[in-house]
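K.L.:
Sharing a structure here in structure tokens format.
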Amino acid sequence: MTTIMKPGEIEPPVPKAPWLRLPERETLFARRGERCKTLAKGHVLEEYLLFMAKVAEAQQEALNSYGQTALPDAALLHLCRQHGMPPLARQNWQRDASWHGALREIIGMVRDAAKPATKSSLDRLLAEGGPAFEAMADRLLAGDYAGIDLAAAPLVGAALQVYWMHLVTTLGRDAFERSAAPNLCPVCASPPLTSIVHHDGIEKGQRYLHCSLCASEWHMVRIKCTTCQSTKDIAYHGIAGDAGAIKAETCDECQSYLKIMSMEHDPNLEPTVDDLASLPLDILMDKAGFMRSSASFFLIPAEEVVA
Ligand SMILES: [Zn+2]
Ligand SMILES: [Zn+2]
């Protein structure tokens with residue numbers, strides 16, 4: 001006897017894409033450094049991208065040798081999961097001083113490649129020590145860049161990224177739950193750096209928001225403003241003649257934009273580096289009257305930093 005199956009009865013269920021992707025601790029910064037070197041060739045920001053390659057390599061080393069640090073306890077993690085609160089919120093989580101070691105290590109590794117003025121800034125910061133590190137970290141994590149030393153800021157941001165990435169990868173994915181605020185990182189409550197559309201496996205074609213601090217990625221449906229959640233009047237703008245892998249997703253409702261990077265167009269995209277390298281798109285969107293919703297520790301004038 002033959003049993004006739006209807007279509008759909010024999011296929012295995014389609015696996016659901018994960019709602020949260022944690023960064024790859026062993027490779028993320030090393031990959032970032034490689035991408036910097038690739039995109040630097042002939043780029044208007046060549047010197048800065050080459051300096052950032054050294055910073056990324058130093059971040060990977062600092063992460064690989066990260067020492068003991070305090071973690072949120074089980075009760076706090078449980079409470080946060082219940083209420084959709086990011087347990088490592090950038091402005092509320094009580095940092096311990098372990099990240100100071102990462103900052104000193106990163107500065108030690110990149111100082112020789114810095115401009116003389118940047119070297120002075122970094123030397124001054126190192127001489128001032130812990131309280132100055134903490135004061136600058138508070139400002140950066142609050143998104144308050146006015147009047148801070150822009151030459152030293154990217155290095156402090158780099159060390160904070162290492163610290164948060166150490167925390168998130170030590171805790172693991174099950175520690176987290178979806179955030180009540182879908183436009184903020186469910187791990188650390190940061191705004192996204194960019195959207196990224198993945199190109200393989202069960203995540204193919206799915207849009208994730210990439211965290212500017214801890215590099216976690218959380219799922220969000222496509223064609224929706226990541227700032228005000230509007231689904232009306234969303235448009236995509238690119239630069240004519242380029243590969244089309246990076247576009248600005250604009251929202252007429254709140255006049256903001258966030259870049260969207262398609263790994264289906266370019267599987268080698270790296271959010272932080274490609275955000276820097278696509279600076280001409282930011283200039284274009286600024287001229288068109290849209291506000292950038294994304295924050296980056298690294299998007300500062302290149303002449304401030306490089307030797
Ligand atoms: Zn995050
Ligand atoms: Zn909007």
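In the structure tokens, each chain is lettered A, B, ... as it comes, each chain's residues begin at 1, and ligands are numbered from 1 in order of appearance.
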Using 10 Å as the limit and counting only C-alpha atoms and all ligand atoms, can you tabulate each residue of chain A that touches ligand 2, with its shortest atom-to-atom distance in Å and the two atoms involved, as JSON lines?
P.N.:
```
{"residue": "A:Lys224", "atom": "CA", "partner": "ligand 2", "partner_atom_place_in_ligand_line": "1 (Zn)", "distance": 8.0}
{"residue": "A:Cys225", "atom": "CA", "partner": "ligand 2", "partner_atom_place_in_ligand_line": "1 (Zn)", "distance": 4.6}
{"residue": "A:Thr226", "atom": "CA", "partner": "ligand 2", "partner_atom_place_in_ligand_line": "1 (Zn)", "distance": 6.6}
{"residue": "A:Thr227", "atom": "CA", "partner": "ligand 2", "partner_atom_place_in_ligand_line": "1 (Zn)", "distance": 5.0}
{"residue": "A:Cys228", "atom": "CA", "partner": "ligand 2", "partner_atom_place_in_ligand_line": "1 (Zn)", "distance": 4.1}
{"residue": "A:Gln229", "atom": "CA", "partner": "ligand 2", "partner_atom_place_in_ligand_line": "1 (Zn)", "distance": 6.0}
{"residue": "A:Ser230", "atom": "CA", "partner": "ligand 2", "partner_atom_place_in_ligand_line": "1 (Zn)", "distance": 5.4}
{"residue": "A:Thr231", "atom": "CA", "partner": "ligand 2", "partner_atom_place_in_ligand_line": "1 (Zn)", "distance": 8.1}
{"residue": "A:Lys232", "atom": "CA", "partner": "ligand 2", "partner_atom_place_in_ligand_line": "1 (Zn)", "distance": 8.7}
{"residue": "A:Asp233", "atom": "CA", "partner": "ligand 2", "partner_atom_place_in_ligand_line": "1 (Zn)", "distance": 9.0}
{"residue": "A:Ile234", "atom": "CA", "partner": "ligand 2", "partner_atom_place_in_ligand_line": "1 (Zn)", "distance": 8.2}
{"residue": "A:Glu249", "atom": "CA", "partner": "ligand 2", "partner_atom_place_in_ligand_line": "1 (Zn)", "distance": 9.7}
{"residue": "A:Thr250", "atom": "CA", "partner": "ligand 2", "partner_atom_place_in_ligand_line": "1 (Zn)", "distance": 7.5}
{"residue": "A:Cys251", "atom": "CA", "partner": "ligand 2", "partner_atom_place_in_ligand_line": "1 (Zn)", "distance": 4.6}
{"residue": "A:Asp252", "atom": "CA", "partner": "ligand 2", "partner_atom_place_in_ligand_line": "1 (Zn)", "distance": 6.6}
{"residue": "A:Glu253", "atom": "CA", "partner": "ligand 2", "partner_atom_place_in_ligand_line": "1 (Zn)", "distance": 5.0}
{"residue": "A:Cys254", "atom": "CA", "partner": "ligand 2", "partner_atom_place_in_ligand_line": "1 (Zn)", "distance": 4.1}
{"residue": "A:Gln255", "atom": "CA", "partner": "ligand 2", "partner_atom_place_in_ligand_line": "1 (Zn)", "distance": 6.3}
{"residue": "A:Ser256", "atom": "CA", "partner": "ligand 2", "partner_atom_place_in_ligand_line": "1 (Zn)", "distance": 5.9}
{"residue": "A:Tyr257", "atom": "CA", "partner": "ligand 2", "partner_atom_place_in_ligand_line": "1 (Zn)", "distance": 7.8}
{"residue": "A:Leu258", "atom": "CA", "partner": "ligand 2", "partner_atom_place_in_ligand_line": "1 (Zn)", "distance": 9.8}
{"residue": "A:Ser293", "atom": "CA", "partner": "ligand 2", "partner_atom_place_in_ligand_line": "1 (Zn)", "distance": 9.5}
```
K.L.:
Could you pull out all residues of stretch 55-220 of chain A with a DSSP call of strand (DSSP E) and give them as a PyMOL selection string?
P.N.:
chain A and resi 192-197+207-211+217-219
K.L.:
Counting only C-alpha atoms and all ligand atoms, what are the residues, protein, DNA or RNA alike, that approach ligand 1 to within 10 Å? I want them as a PyMOL selection string.
P.N.:
chain A and resi 22-23+86+88-90+161+164-165+168+184-193+209-218
K.L.:
Stretch 79-273 of chain A: which residues are helix (DSSP H, G or I) by DSSP, as an MDAnalysis selection string?
P.N.:
chainID A and resid 79:83 98:113 116:128 130:141 153:171 173:175 201:203 271:273
K.L.:
Of the candidates A:Pro18, A:Gly101, A:Gly33, A:Pro154, which shows the shortest atom-to-atom distance to A:Lys204, using only C-alpha atoms?
P.N.:
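Closest candidate: A:Pro18.
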K.L.:
Near A:Ala158, counting only C-alpha atoms, which residues have an atom at most 10 Å away, once you skip same-chain residues fewer than 4 positions from it, shown as a compact mmCIF listing (two decimals) with C-alpha atoms, in the first residue's frame?
P.N.:
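Contents of around06.txt, as written:
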```
# COMPACT_ATOMS: atom_id res chain seq x y z
CA MET A 52 42.42 51.16 13.05
CA VAL A 55 43.81 48.99 17.07
CA ALA A 56 41.70 45.95 16.11
CA ALA A 58 45.50 45.09 19.79
CA GLN A 59 41.84 44.57 20.81
CA ALA A 102 42.89 46.36 28.40
CA LEU A 103 43.14 50.11 27.70
CA ILE A 106 45.90 48.60 23.59
CA ILE A 107 47.59 51.99 23.95
CA ALA A 153 38.44 58.68 22.63
CA PRO A 154 38.65 55.87 20.02
CA VAL A 162 36.88 44.49 24.58
CA TYR A 163 35.44 44.58 28.11
CA LEU A 213 29.49 48.36 21.81
CA PHE A 297 33.47 55.36 18.76
CA PHE A 298 35.60 55.53 15.63
```
K.L.:
Please compute the atom CA of A:Thr272-atom CA of A:Ile246 distance, one decimal, in Å.
P.N.:
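Computing it gives 12.6 Å between the two atoms.
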K.L.:
When you count only C-alpha atoms, which of these residues is closest to A:Pro182: A:Ala97, A:Ala288, A:Leu20, A:Ala235?
P.N.:
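Comparing A:Ala97, A:Ala288, A:Leu20, A:Ala235 against A:Pro182, the winner is A:Leu20.
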K.L.:
Between A:Glu105, A:Glu177, A:Asp242, A:Glu203, which has the minimum distance to A:Leu63 (counting only C-alpha atoms)?
P.N.:
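Among the listed residues, the smallest separation from A:Leu63 belongs to A:Glu105.
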